[in-house]
file coords_39.tsv (TSV, C-alpha atoms (C1' of nucleotides))
chain	number	residue	atom	x	y	z
A	1	MET	CA	0.00	0.00	0.00
A	2	THR	CA	1.42	3.38	-0.99
A	3	TRP	CA	1.34	6.31	1.37
A	4	HIS	CA	-1.34	7.92	-0.83
A	5	GLU	CA	-3.54	4.94	-0.31
A	6	GLU	CA	-2.85	4.69	3.39
A	7	LEU	CA	-3.72	8.33	3.97
A	8	THR	CA	-6.88	8.04	1.91
A	9	LYS	CA	-7.91	4.84	3.63
A	10	GLN	CA	-7.66	6.55	6.98
A	11	GLY	CA	-9.76	9.45	5.78
A	12	TYR	CA	-7.00	12.00	5.36
A	13	ARG	CA	-6.35	14.13	2.30
A	14	ILE	CA	-3.34	14.16	0.03
A	15	SER	CA	-2.27	17.72	0.58
A	16	GLY	CA	0.64	19.63	-0.86
A	17	PRO	CA	2.58	19.86	2.39
A	18	ARG	CA	2.20	16.16	3.10
A	19	ARG	CA	3.32	15.29	-0.41
A	20	ARG	CA	6.34	17.55	-0.30
A	21	ILE	CA	7.49	16.13	2.99
A	22	MET	CA	7.10	12.55	1.84
A	23	GLU	CA	8.99	13.32	-1.35
A	24	LEU	CA	11.78	15.10	0.44
A	25	LEU	CA	12.25	12.33	2.98
A	26	SER	CA	12.13	9.65	0.33
A	27	ASP	CA	15.06	11.32	-1.39
A	28	THR	CA	17.11	11.77	1.73
A	29	ARG	CA	19.37	9.26	3.39
A	30	THR	CA	19.75	11.08	6.67
A	31	PRO	CA	16.97	11.69	9.14
A	32	LEU	CA	15.81	15.31	9.12
A	33	THR	CA	14.52	17.43	11.98
A	34	PRO	CA	11.42	19.61	11.58
A	35	ALA	CA	13.63	22.69	11.32
A	36	LEU	CA	15.78	21.10	8.61
A	37	ILE	CA	12.76	19.98	6.62
A	38	HIS	CA	11.39	23.49	6.79
A	39	LYS	CA	14.67	24.92	5.58
A	40	HIS	CA	15.17	22.39	2.78
A	41	LEU	CA	11.73	22.96	1.34
A	42	ALA	CA	12.15	26.73	1.53
A	43	LEU	CA	15.42	26.47	-0.40
A	44	GLU	CA	13.71	24.34	-3.03
A	45	GLY	CA	11.24	27.15	-3.53
A	46	LYS	CA	8.44	25.25	-1.82
A	47	PRO	CA	8.14	27.11	1.46
A	48	LEU	CA	5.94	25.54	4.04
A	49	SER	CA	4.64	26.89	7.30
A	50	LEU	CA	6.61	25.48	10.19
A	51	ALA	CA	3.34	24.59	11.88
A	52	SER	CA	2.42	22.51	8.86
A	53	VAL	CA	5.70	20.68	9.06
A	54	TYR	CA	5.01	19.71	12.64
A	55	ARG	CA	1.43	18.73	11.91
A	56	ALA	CA	2.33	16.65	8.90
A	57	LEU	CA	5.18	14.89	10.68
A	58	ASP	CA	2.96	14.01	13.62
A	59	LEU	CA	0.32	12.54	11.38
A	60	LEU	CA	2.66	10.67	9.06
A	61	ALA	CA	4.60	9.18	11.95
A	62	GLU	CA	1.37	8.22	13.67
A	63	LEU	CA	0.34	6.32	10.55
A	64	ASN	CA	3.74	4.67	10.35
A	65	LEU	CA	4.52	6.29	7.03
A	66	LEU	CA	7.53	7.95	8.64
A	67	CYS	CA	9.70	6.76	11.44
A	68	GLN	CA	11.40	8.67	14.20
A	69	VAL	CA	15.11	8.42	14.76
A	70	TYR	CA	17.12	9.88	17.63
A	71	PHE	CA	20.40	11.52	16.78
A	72	SER	CA	23.12	10.74	19.29
A	73	ASP	CA	22.60	14.17	20.86
A	74	GLY	CA	18.97	13.28	21.56
A	75	THR	CA	17.27	15.41	18.94
A	76	LEU	CA	14.57	13.72	16.93
A	77	GLY	CA	14.62	13.29	13.17
A	78	TYR	CA	12.28	11.70	10.65
A	79	MET	CA	12.87	9.23	7.85
A	80	ALA	CA	10.70	7.57	5.25
A	81	HIS	CA	9.45	4.24	6.51
A	82	THR	CA	10.01	1.38	4.11
A	83	GLY	CA	7.63	-1.04	5.71
A	84	GLY	CA	8.01	-3.84	8.19
A	85	HIS	CA	9.39	-3.67	11.69
A	86	HIS	CA	12.96	-2.46	11.72
A	87	HIS	CA	15.46	-0.26	13.50
A	88	HIS	CA	18.20	2.11	12.48
A	89	VAL	CA	21.94	2.42	12.61
A	90	LEU	CA	23.20	5.99	12.47
A	91	CYS	CA	26.53	7.44	11.48
A	92	ARG	CA	27.80	9.82	14.15
A	93	ARG	CA	29.75	11.81	11.63
A	94	CYS	CA	27.51	12.27	8.58
A	95	ASN	CA	24.16	11.17	10.07
A	96	ARG	CA	23.56	8.78	7.21
A	97	SER	CA	21.20	6.14	8.45
A	98	MET	CA	20.37	2.60	7.39
A	99	GLU	CA	17.66	0.22	8.42
A	100	PHE	CA	18.09	-3.27	9.68
A	101	GLY	CA	15.19	-5.62	9.99
A	102	GLY	CA	13.81	-8.16	12.35
A	103	HIS	CA	13.00	-7.68	15.96
A	104	GLU	CA	12.96	-11.40	16.62
A	105	ASP	CA	16.43	-10.82	17.94
A	106	LEU	CA	14.97	-9.00	20.89
A	107	ASP	CA	12.33	-11.57	21.72
A	108	GLU	CA	14.54	-13.56	24.00
A	109	LEU	CA	15.85	-10.50	25.78
A	110	THR	CA	12.31	-9.14	26.13
A	111	GLU	CA	11.23	-12.36	27.79
A	112	ARG	CA	14.12	-12.26	30.18
A	113	VAL	CA	13.44	-8.66	31.16
A	114	GLN	CA	9.75	-9.34	31.70
A	115	ALA	CA	10.64	-12.23	33.97
A	116	GLU	CA	13.26	-10.23	35.86
A	117	THR	CA	11.31	-7.03	36.34
A	118	GLY	CA	7.67	-8.11	36.31
A	119	TYR	CA	6.87	-5.46	33.70
A	120	VAL	CA	4.55	-6.24	30.82
A	121	ILE	CA	6.54	-5.07	27.81
A	122	ASN	CA	4.87	-4.03	24.59
A	123	GLU	CA	7.27	-1.71	22.85
A	124	HIS	CA	10.94	-0.98	22.53
A	125	LEU	CA	13.36	1.61	21.31
A	126	LEU	CA	16.54	0.37	19.68
A	127	GLN	CA	19.17	2.16	17.65
A	128	PHE	CA	22.83	1.66	16.91
A	129	TYR	CA	25.42	4.39	16.51
A	130	GLY	CA	28.76	4.27	14.81
A	131	LEU	CA	30.46	5.14	11.55
A	132	CYS	CA	29.10	4.40	8.12
A	133	PRO	CA	31.40	2.62	5.65
A	134	SER	CA	32.67	5.78	3.97
A	135	CYS	CA	33.26	7.70	7.19
A	136	ALA	CA	35.01	4.67	8.65
A	137	ALA	CA	37.22	4.44	5.57
A	138	LEU	CA	38.02	8.13	5.83
A	139	ARG	CA	39.06	7.70	9.42
A	140	GLN	CA	41.35	4.81	8.40
A	141	GLU	CA	43.10	6.98	5.87
A	142	LEU	CA	43.69	9.75	8.36
A	143	ALA	CA	45.06	7.40	10.99
B	144	MET	CA	33.68	4.98	43.76
B	145	THR	CA	31.09	7.42	45.07
B	146	TRP	CA	29.93	10.34	43.01
B	147	HIS	CA	31.79	12.68	45.36
B	148	GLU	CA	35.00	10.88	44.58
B	149	GLU	CA	34.35	10.71	40.89
B	150	LEU	CA	33.67	14.43	40.65
B	151	THR	CA	36.75	15.25	42.69
B	152	LYS	CA	38.94	12.90	40.71
B	153	GLN	CA	37.90	14.66	37.51
B	154	GLY	CA	38.71	18.04	39.00
B	155	TYR	CA	35.17	19.22	39.64
B	156	ARG	CA	33.80	20.61	42.88
B	157	ILE	CA	31.09	19.21	45.10
B	158	SER	CA	28.65	22.08	44.89
B	159	GLY	CA	25.25	22.50	46.50
B	160	PRO	CA	23.31	22.22	43.24
B	161	ARG	CA	25.13	19.07	42.21
B	162	ARG	CA	24.56	17.51	45.60
B	163	ARG	CA	20.88	18.38	45.69
B	164	ILE	CA	20.28	16.92	42.26
B	165	MET	CA	22.12	13.70	43.07
B	166	GLU	CA	20.18	13.35	46.31
B	167	LEU	CA	16.85	14.00	44.66
B	168	LEU	CA	17.45	11.52	41.85
B	169	SER	CA	18.71	8.88	44.23
B	170	ASP	CA	15.41	9.05	46.08
B	171	THR	CA	13.25	8.94	42.98
B	172	ARG	CA	12.13	5.90	41.05
B	173	THR	CA	10.97	7.70	37.93
B	174	PRO	CA	13.22	9.62	35.59
B	175	LEU	CA	12.83	13.38	35.98
B	176	THR	CA	13.08	16.10	33.35
B	177	PRO	CA	15.05	19.30	34.01
B	178	ALA	CA	11.80	21.19	34.55
B	179	LEU	CA	10.55	18.62	37.07
B	180	ILE	CA	13.82	18.63	38.97
B	181	HIS	CA	13.67	22.40	39.14
B	182	LYS	CA	10.12	22.27	40.45
B	183	HIS	CA	10.76	19.49	42.99
B	184	LEU	CA	13.73	21.28	44.52
B	185	ALA	CA	11.83	24.56	44.69
B	186	LEU	CA	8.99	22.83	46.55
B	187	GLU	CA	11.49	21.34	48.97
B	188	GLY	CA	12.65	24.85	49.77
B	189	LYS	CA	15.94	24.40	47.92
B	190	PRO	CA	15.34	26.50	44.84
B	191	LEU	CA	17.91	26.20	42.10
B	192	SER	CA	18.46	28.26	39.01
B	193	LEU	CA	17.14	26.44	35.98
B	194	ALA	CA	20.43	27.10	34.24
B	195	SER	CA	22.21	25.31	37.06
B	196	VAL	CA	19.92	22.34	36.68
B	197	TYR	CA	20.85	22.04	33.02
B	198	ARG	CA	24.54	22.55	33.69
B	199	ALA	CA	24.64	20.00	36.49
B	200	LEU	CA	22.68	17.42	34.51
B	201	ASP	CA	24.96	17.80	31.52
B	202	LEU	CA	28.05	17.30	33.62
B	203	LEU	CA	26.73	14.44	35.74
B	204	ALA	CA	25.48	12.57	32.70
B	205	GLU	CA	28.76	13.16	30.93
B	206	LEU	CA	30.57	11.54	33.85
B	207	ASN	CA	28.12	8.64	33.88
B	208	LEU	CA	26.85	9.51	37.32
B	209	LEU	CA	23.38	9.97	35.86
B	210	CYS	CA	21.79	8.27	32.93
B	211	GLN	CA	19.39	9.58	30.34
B	212	VAL	CA	16.05	7.91	29.71
B	213	TYR	CA	13.58	8.71	26.96
B	214	PHE	CA	9.91	8.81	27.91
B	215	SER	CA	7.69	7.25	25.30
B	216	ASP	CA	6.76	10.73	24.08
B	217	GLY	CA	10.41	11.42	23.37
B	218	THR	CA	11.19	13.81	26.20
B	219	LEU	CA	14.37	13.16	28.07
B	220	GLY	CA	14.60	12.39	31.76
B	221	TYR	CA	17.46	11.65	34.14
B	222	MET	CA	17.99	8.90	36.71
B	223	ALA	CA	20.72	8.02	39.15
B	224	HIS	CA	23.17	5.61	37.61
B	225	THR	CA	23.85	2.56	39.73
B	226	GLY	CA	26.96	1.42	37.92
B	227	GLY	CA	27.67	-1.04	35.18
B	228	HIS	CA	26.22	-1.13	31.72
B	229	HIS	CA	22.47	-1.47	31.74
B	230	HIS	CA	19.26	-0.29	30.14
B	231	HIS	CA	15.82	0.69	31.34
B	232	VAL	CA	12.27	-0.51	31.17
B	233	LEU	CA	9.69	2.25	31.62
B	234	CYS	CA	6.07	2.15	32.69
B	235	ARG	CA	3.88	4.06	30.25
B	236	ARG	CA	1.38	4.89	32.93
B	237	CYS	CA	3.32	5.90	36.04
B	238	ASN	CA	6.80	6.36	34.50
B	239	ARG	CA	8.36	4.16	37.11
B	240	SER	CA	11.55	2.79	35.68
B	241	MET	CA	13.75	-0.20	36.42
B	242	GLU	CA	17.15	-1.19	35.19
B	243	PHE	CA	18.14	-4.42	33.62
B	244	GLY	CA	21.72	-5.39	33.16
B	245	GLY	CA	23.95	-6.92	30.60
B	246	HIS	CA	24.41	-5.85	27.05
B	247	GLU	CA	25.92	-9.19	26.04
B	248	ASP	CA	22.46	-9.90	24.72
B	249	LEU	CA	23.02	-7.39	21.97
B	250	ASP	CA	26.44	-8.60	20.96
B	251	GLU	CA	25.15	-11.11	18.46
B	252	LEU	CA	22.73	-8.62	16.94
B	253	THR	CA	25.42	-5.97	16.80
B	254	GLU	CA	27.66	-8.32	14.88
B	255	ARG	CA	24.92	-9.14	12.44
B	256	VAL	CA	24.11	-5.49	11.82
B	257	GLN	CA	27.76	-4.59	11.29
B	258	ALA	CA	28.05	-7.37	8.74
B	259	GLU	CA	24.82	-6.41	6.99
B	260	THR	CA	25.33	-2.66	6.85
B	261	GLY	CA	29.09	-2.21	6.89
B	262	TYR	CA	28.82	0.28	9.74
B	263	VAL	CA	31.30	0.21	12.59
B	264	ILE	CA	29.07	0.20	15.64
B	265	ASN	CA	30.25	1.51	18.98
B	266	GLU	CA	27.14	2.53	20.87
B	267	HIS	CA	23.49	1.70	21.18
B	268	LEU	CA	20.25	2.98	22.57
B	269	LEU	CA	17.87	0.42	24.03
B	270	GLN	CA	14.78	0.84	26.18
B	271	PHE	CA	11.63	-1.16	26.79
B	272	TYR	CA	8.20	0.28	27.41
B	273	GLY	CA	5.21	-1.33	29.03
B	274	LEU	CA	3.40	-1.50	32.34
B	275	CYS	CA	5.02	-1.96	35.70
B	276	PRO	CA	3.69	-4.75	37.93
B	277	SER	CA	1.30	-2.54	39.90
B	278	CYS	CA	-0.10	-0.71	36.87
B	279	ALA	CA	-0.51	-4.04	35.09
B	280	ALA	CA	-2.38	-5.42	38.11
B	281	LEU	CA	-4.59	-2.34	38.20
B	282	ARG	CA	-5.47	-2.83	34.56
B	283	GLN	CA	-6.38	-6.46	35.26
B	284	GLU	CA	-8.83	-5.39	37.95
B	285	LEU	CA	-10.51	-2.86	35.73
B	286	ALA	CA	-10.88	-5.30	32.85
C	287	DG	C1'	-18.49	22.68	-11.24
C	288	DT	C1'	-20.14	23.08	-6.47
C	289	DA	C1'	-20.55	22.24	-1.65
C	290	DA	C1'	-18.73	20.53	2.57
C	291	DT	C1'	-14.98	20.48	5.31
C	292	DA	C1'	-10.15	19.03	6.17
C	293	DT	C1'	-5.97	21.48	5.95
C	294	DT	C1'	-2.95	25.34	5.74
C	295	DG	C1'	-0.54	29.92	6.75
C	296	DA	C1'	0.85	33.48	9.72
C	297	DG	C1'	1.80	35.11	13.80
C	298	DA	C1'	1.18	34.93	18.69
C	299	DA	C1'	2.02	32.29	22.68
C	300	DA	C1'	3.97	28.75	25.44
C	301	DC	C1'	7.70	26.18	26.46
C	302	DT	C1'	12.61	24.64	26.49
C	303	DT	C1'	17.47	25.37	26.36
C	304	DT	C1'	21.53	28.28	26.10
C	305	DC	C1'	24.19	32.33	27.16
C	306	DT	C1'	26.36	36.24	29.76
C	307	DC	C1'	28.57	38.21	33.53
C	308	DA	C1'	28.75	39.86	38.15
C	309	DA	C1'	28.43	37.63	42.69
C	310	DT	C1'	29.24	33.53	45.36
C	311	DA	C1'	31.29	29.55	47.31
C	312	DA	C1'	34.44	25.39	47.16
C	313	DG	C1'	38.97	23.60	47.90
C	314	DG	C1'	43.97	24.16	48.56
C	315	DA	C1'	47.61	26.58	50.99
C	316	DA	C1'	49.44	28.96	54.81
D	317	DT	C1'	41.14	28.87	60.83
D	318	DT	C1'	41.66	32.37	57.32
D	319	DC	C1'	42.96	33.79	52.82
D	320	DC	C1'	43.39	33.18	47.85
D	321	DT	C1'	42.32	31.37	43.48
D	322	DT	C1'	39.00	30.23	40.48
D	323	DA	C1'	35.13	26.96	39.45
D	324	DT	C1'	30.35	27.51	39.91
D	325	DT	C1'	26.02	29.75	40.48
D	326	DG	C1'	21.97	33.05	39.89
D	327	DA	C1'	19.17	36.01	37.26
D	328	DG	C1'	17.48	37.42	33.39
D	329	DA	C1'	18.01	38.04	28.54
D	330	DA	C1'	18.25	35.62	24.30
D	331	DA	C1'	17.80	31.90	21.21
D	332	DG	C1'	15.48	28.01	19.79
D	333	DT	C1'	11.55	24.74	19.62
D	334	DT	C1'	6.75	23.40	19.68
D	335	DT	C1'	1.89	24.41	20.07
D	336	DC	C1'	-2.19	27.11	19.28
D	337	DT	C1'	-5.80	30.02	16.97
D	338	DC	C1'	-8.63	31.30	13.31
D	339	DA	C1'	-9.53	33.20	8.83
D	340	DA	C1'	-8.32	31.75	4.14
D	341	DT	C1'	-7.44	27.94	1.07
D	342	DA	C1'	-7.47	23.54	-1.18
D	343	DT	C1'	-9.06	18.75	-1.49
D	344	DT	C1'	-12.51	15.41	-2.08
D	345	DA	C1'	-17.10	13.64	-2.97
D	346	DC	C1'	-21.14	14.47	-5.43
call {"tool": "encode", "arguments": {"input": "coords_39.tsv", "output": "structure tokens"}}
result
Amino acid sequence: MTWHEELTKQGYRISGPRRRIMELLSDTRTPLTPALIHKHLALEGKPLSLASVYRALDLLAELNLLCQVYFSDGTLGYMAHTGGHHHHVLCRRCNRSMEFGGHEDLDELTERVQAETGYVINEHLLQFYGLCPSCAALRQELA
Amino acid sequence: MTWHEELTKQGYRISGPRRRIMELLSDTRTPLTPALIHKHLALEGKPLSLASVYRALDLLAELNLLCQVYFSDGTLGYMAHTGGHHHHVLCRRCNRSMEFGGHEDLDELTERVQAETGYVINEHLLQFYGLCPSCAALRQELA
DNA sequence: GTAATATTGAGAAACTTTCTCAATAAGGAA
DNA sequence: TTCCTTATTGAGAAAGTTTCTCAATATTAC
């Protein structure tokens, strides 16, 4: 199901701001913050009210059409969601982010933590941080 | 090593604000945001400049005397750090948080992700969300 | 095309975080 | 203990982020 269809199915409209944000994020390999999205679109000659950026991001993330990614400094960015449950690995240097799939890997740990703590767990937050291949190569050269 | 010793060893002073924040967080079982810490201390008759709260939290977290925990809405809270590498499980309803130890569980996954993505991974963010035992029990009763 | 209404823009308002600099207080030395 | 050096704080301004309001606009269904 495309994001057009998902929005329509849920009773939302395909508006200009929503389309521009989806297009921008689909073309971008680093997560973008609301402020960055606002700036990018303005530079492309498609200015968008900052309030609209926030509203669209909230909705699109709510519908799982975008996903939220924490930079290592704690600020929140958004990326296009490619479908399926997955997490992200982020480059500390260039912010380039990749997905990796499968949360089965956490099932065992989740069970253990439920048993240890008595909590009933129904969600998790998982991200990895490091250096992407090209930044890692660059660091090698400089060393 | 106590937090007094750690601060001293690193060349920092044991100031009133730092002490009050450490004491407050040691007595609290939910992570607290800077604003909440500021409010709590003011109510206890130990008002603290908000700027000092931010400065102390930054330093104490940097030295691993406090740890940062994300609420499920993305805001950041702080908890006393009890030592050793661990993560947190958070109650969605009452925010009460518990630690669970051992990151060995992620070693295998980390290896897989490095192989799949080519990233060099050196840090991770992991938290679980759910209901603590008492909130889960409460929900049972109401059901 | 038209009507109904979801969505946007613009700016105000609320909230959060950082900054500046004079005043204060912590820790070492005498 | 008292003094000295200087790290740290307080207060408020400033910068930055997020939310809110409401008239104007744009999308969708008919």
call {"tool": "interface_residues", "arguments": {"input": "coords_39.tsv", "of": "chain C", "to": "chain A", "cutoff": "10 Å", "atoms": "only C-alpha atoms (C1' of nucleotides)", "output": "list of chain:residue names"}}
result
C:DA292, C:DT293, C:DT294, C:DG295, C:DA296
call {"tool": "residues_around", "arguments": {"input": "coords_39.tsv", "residues": "C:DA316", "least_positions_apart": "6", "cutoff": "12 Å", "atoms": "all atoms listed in the file", "output": "VMD selection string"}}
result
chain D and resid 317 to 320
call {"tool": "interface_residues", "arguments": {"input": "coords_39.tsv", "of": "chain A", "to": "chain B", "cutoff": "10 Å", "atoms": "all atoms listed in the file", "output": "tab-separated table (two decimals) with C-alpha atoms, in the frame of the given file"}}
result
chain	number	residue	atom	x	y	z
A	68	GLN	CA	11.40	8.67	14.20
A	70	TYR	CA	17.12	9.88	17.63
A	72	SER	CA	23.12	10.74	19.29
A	74	GLY	CA	18.97	13.28	21.56
A	75	THR	CA	17.27	15.41	18.94
A	76	LEU	CA	14.57	13.72	16.93
A	88	HIS	CA	18.20	2.11	12.48
A	89	VAL	CA	21.94	2.42	12.61
A	90	LEU	CA	23.20	5.99	12.47
A	91	CYS	CA	26.53	7.44	11.48
A	92	ARG	CA	27.80	9.82	14.15
A	97	SER	CA	21.20	6.14	8.45
A	98	MET	CA	20.37	2.60	7.39
A	99	GLU	CA	17.66	0.22	8.42
A	100	PHE	CA	18.09	-3.27	9.68
A	101	GLY	CA	15.19	-5.62	9.99
A	103	HIS	CA	13.00	-7.68	15.96
A	105	ASP	CA	16.43	-10.82	17.94
A	106	LEU	CA	14.97	-9.00	20.89
A	108	GLU	CA	14.54	-13.56	24.00
A	109	LEU	CA	15.85	-10.50	25.78
A	110	THR	CA	12.31	-9.14	26.13
A	112	ARG	CA	14.12	-12.26	30.18
A	113	VAL	CA	13.44	-8.66	31.16
A	114	GLN	CA	9.75	-9.34	31.70
A	116	GLU	CA	13.26	-10.23	35.86
A	117	THR	CA	11.31	-7.03	36.34
A	118	GLY	CA	7.67	-8.11	36.31
A	119	TYR	CA	6.87	-5.46	33.70
A	120	VAL	CA	4.55	-6.24	30.82
A	121	ILE	CA	6.54	-5.07	27.81
A	122	ASN	CA	4.87	-4.03	24.59
A	123	GLU	CA	7.27	-1.71	22.85
A	124	HIS	CA	10.94	-0.98	22.53
A	125	LEU	CA	13.36	1.61	21.31
A	126	LEU	CA	16.54	0.37	19.68
A	127	GLN	CA	19.17	2.16	17.65
A	128	PHE	CA	22.83	1.66	16.91
A	129	TYR	CA	25.42	4.39	16.51
A	130	GLY	CA	28.76	4.27	14.81
A	131	LEU	CA	30.46	5.14	11.55
A	132	CYS	CA	29.10	4.40	8.12
A	133	PRO	CA	31.40	2.62	5.65
A	134	SER	CA	32.67	5.78	3.97
A	135	CYS	CA	33.26	7.70	7.19
A	136	ALA	CA	35.01	4.67	8.65
call {"tool": "closest_residue", "arguments": {"input": "coords_39.tsv", "among": "B:Tyr197, B:Pro174, B:Glu187, B:Lys182", "to": "chain D", "atoms": "all atoms listed in the file"}}
result
B:Tyr197
call {"tool": "interface_residues", "arguments": {"input": "coords_39.tsv", "of": "chain D", "to": "chain B", "cutoff": "9 Å", "atoms": "only C-alpha atoms (C1' of nucleotides)", "output": "ChimeraX atom specification"}}
result
/D:323-327
call {"tool": "residues_around", "arguments": {"input": "coords_39.tsv", "residues": "A:Leu65", "least_positions_apart": "3", "cutoff": "12 Å", "atoms": "all atoms listed in the file", "output": "list in words"}}
result
Met1, Thr2, Trp3, His4, Glu5, Glu6, Leu7, Arg18, Arg19, Ile21, Met22, Glu23, Leu25, Ser26, Ala56, Leu57, Asp58, Leu59, Leu60, Ala61, Glu62, Gln68, Tyr78, Met79, Ala80, His81, Thr82, Gly83 and Gly84 of chain A
call {"tool": "closest_residue", "arguments": {"input": "coords_39.tsv", "among": "C:DA290, C:DC307, C:DA300, C:DA312", "to": "D:DC336", "atoms": "only C-alpha atoms (C1' of nucleotides)"}}
result
C:DA300
call {"tool": "residues_around", "arguments": {"input": "coords_39.tsv", "residues": "C:DT302", "least_positions_apart": "3", "cutoff": "10 Å", "atoms": "only C-alpha atoms (C1' of nucleotides)", "output": "PDB file with C-alpha atoms (C1' of nucleotides), in the coordinates of the input"}}
result
ATOM      1  CA  PRO B 177      15.050  19.300  34.010  1.00  0.00           C
ATOM      2  CA  ALA B 178      11.800  21.190  34.550  1.00  0.00           C
TER       3      ALA B 178
ATOM      4  C1'  DG D 332      15.480  28.010  19.790  1.00  0.00           C
ATOM      5  C1'  DT D 333      11.550  24.740  19.620  1.00  0.00           C
ATOM      6  C1'  DT D 334       6.750  23.400  19.680  1.00  0.00           C
TER       7       DT D 334
END
